[in-house]
>>> print(open('coords05.txt').read())   # compact mmCIF, C-alpha atoms
# COMPACT_ATOMS: atom_id res chain seq x y z
CA MET A 221 0.00 0.00 0.00
CA LEU A 222 1.27 3.47 -0.77
CA ASP A 223 2.60 5.51 2.13
CA ARG A 224 0.54 8.48 0.94
CA LEU A 225 -2.61 6.44 1.58
CA TYR A 226 -1.45 4.32 4.52
CA MET A 227 -0.17 7.05 6.86
CA PRO A 228 -3.33 9.23 6.79
CA LEU A 229 -5.49 6.14 7.34
CA LEU A 230 -3.28 5.13 10.26
CA GLY A 231 -3.55 8.63 11.74
CA LEU A 232 -7.33 8.63 11.34
CA ALA A 233 -7.60 5.21 12.99
CA THR A 234 -5.46 6.47 15.88
CA VAL A 235 -7.66 9.53 16.40
CA LEU A 236 -10.81 7.38 16.30
CA ILE A 237 -9.42 4.92 18.84
CA ILE A 238 -8.45 7.75 21.20
CA ALA A 239 -11.91 9.33 20.84
CA LEU A 240 -13.56 5.99 21.56
CA ALA A 241 -11.38 5.49 24.65
CA MET A 242 -12.50 8.87 25.99
CA VAL A 243 -16.21 7.97 25.97
CA TRP A 244 -16.37 4.18 26.33
CA PRO A 245 -17.28 2.82 29.80
CA GLN A 246 -14.14 1.77 31.61
CA GLY A 247 -14.78 -1.69 33.04
CA LEU A 248 -16.48 -1.92 36.42
CA GLY A 249 -14.82 1.16 37.89
CA ASP A 250 -15.97 4.75 37.73
CA ARG A 251 -18.66 5.92 35.40
CA SER A 252 -17.83 7.35 32.00
CA PRO A 253 -18.90 10.95 31.40
CA GLY A 254 -22.11 12.00 29.76
CA PRO A 255 -24.72 9.68 28.31
CA PHE A 256 -22.24 6.87 27.62
CA GLY A 257 -21.79 5.48 31.12
CA HIS A 258 -24.00 3.44 33.39
CA GLU A 259 -24.02 2.66 37.11
CA PRO A 260 -21.00 0.43 37.82
CA VAL A 261 -22.03 -3.10 38.75
CA GLN A 262 -19.89 -3.14 41.88
CA ARG A 263 -21.66 -0.11 43.32
CA THR A 264 -25.12 -1.69 43.46
CA ALA A 265 -26.34 -2.66 46.91
CA GLU A 266 -26.92 -6.29 45.91
CA VAL A 267 -23.39 -6.82 44.63
CA GLN A 268 -21.86 -5.02 47.62
CA ALA A 269 -23.83 -7.30 49.96
CA LYS A 270 -22.58 -10.38 48.08
CA MET A 271 -19.00 -9.10 48.24
CA ARG A 272 -19.34 -8.40 51.97
CA ARG A 273 -20.74 -11.91 52.61
CA ALA A 274 -17.95 -13.49 50.59
CA ALA A 275 -15.32 -11.54 52.53
CA GLU A 276 -16.86 -12.54 55.86
CA GLU A 277 -17.03 -16.22 54.83
CA SER A 278 -13.43 -16.12 53.68
CA GLN A 279 -12.33 -14.53 56.94
CA SER A 280 -14.18 -17.17 58.98
CA ARG A 281 -12.55 -19.98 56.95
CA ILE A 282 -9.14 -18.41 57.55
CA ASN A 283 -9.84 -18.15 61.28
CA GLN A 284 -10.97 -21.80 61.42
CA ALA A 285 -7.81 -22.90 59.63
CA ARG A 286 -5.63 -20.90 62.01
CA GLU A 287 -7.40 -22.43 65.02
CA ALA A 288 -6.92 -25.91 63.58
CA VAL A 289 -3.20 -25.27 63.10
CA ARG A 290 -2.92 -23.91 66.67
CA ASP A 291 -4.67 -26.99 68.04
CA LEU A 292 -2.36 -29.30 66.10
CA GLN A 293 0.70 -27.39 67.26
CA SER A 294 -0.40 -27.43 70.89
CA GLN A 295 -1.06 -31.17 70.67
CA ALA A 296 2.39 -31.73 69.17
CA ILE A 297 4.09 -29.71 71.92
CA ALA A 298 2.11 -31.11 74.85
CA PRO A 299 0.33 -34.31 73.79
CA SER A 300 -2.58 -35.29 75.97
CA GLN A 301 -2.21 -38.60 77.83
>>> encode(input="coords05.txt", output="structure tokens")
Amino acid sequence: MLDRLYMPLLGLATVLIIALAMVWPQGLGDRSPGPFGHEPVQRTAEVQAKMRRAAEESQSRINQAREAVRDLQSQAIAPSQ
């Protein structure tokens, strides 16, 4: 392809991609400006409640595992007769 045709097309594609990046919703984070964005999924009350429950369940599993390790260590140090 001729450079006289290729380089302007490449520049136009670059400008279009940058313009699209300025208005396209950016994942699940903050809202995009203007009419393009929507409420982020992670900010809804339902999803936040699910995330909170998952974190609490994970923390309780970690605590149970730590208690189990402590019990095993205490039994190894001072075995019951």
>>> atom_distance(input="coords05.txt", atom1="atom CA of Ser294 of chain A", atom2="atom CA of Glu276 of chain A")
26.8 Å
>>> atom_distance(input="coords05.txt", atom1="atom CA of Asn283 of chain A", atom2="atom CA of Thr264 of chain A")
28.7 Å
>>> atom_distance(input="coords05.txt", atom1="atom CA of Ile282 of chain A", atom2="atom CA of Val267 of chain A")
22.5 Å
>>> axis_aligned_box(input="coords05.txt", around="segment 281-291 of chain A", padding_each_side="5 Å", output="lines of an AutoDock Vina configuration file")
center_x = -7.7
center_y = -22.6
center_z = 62.5
size_x = 19.6
size_y = 18.8
size_z = 21.1
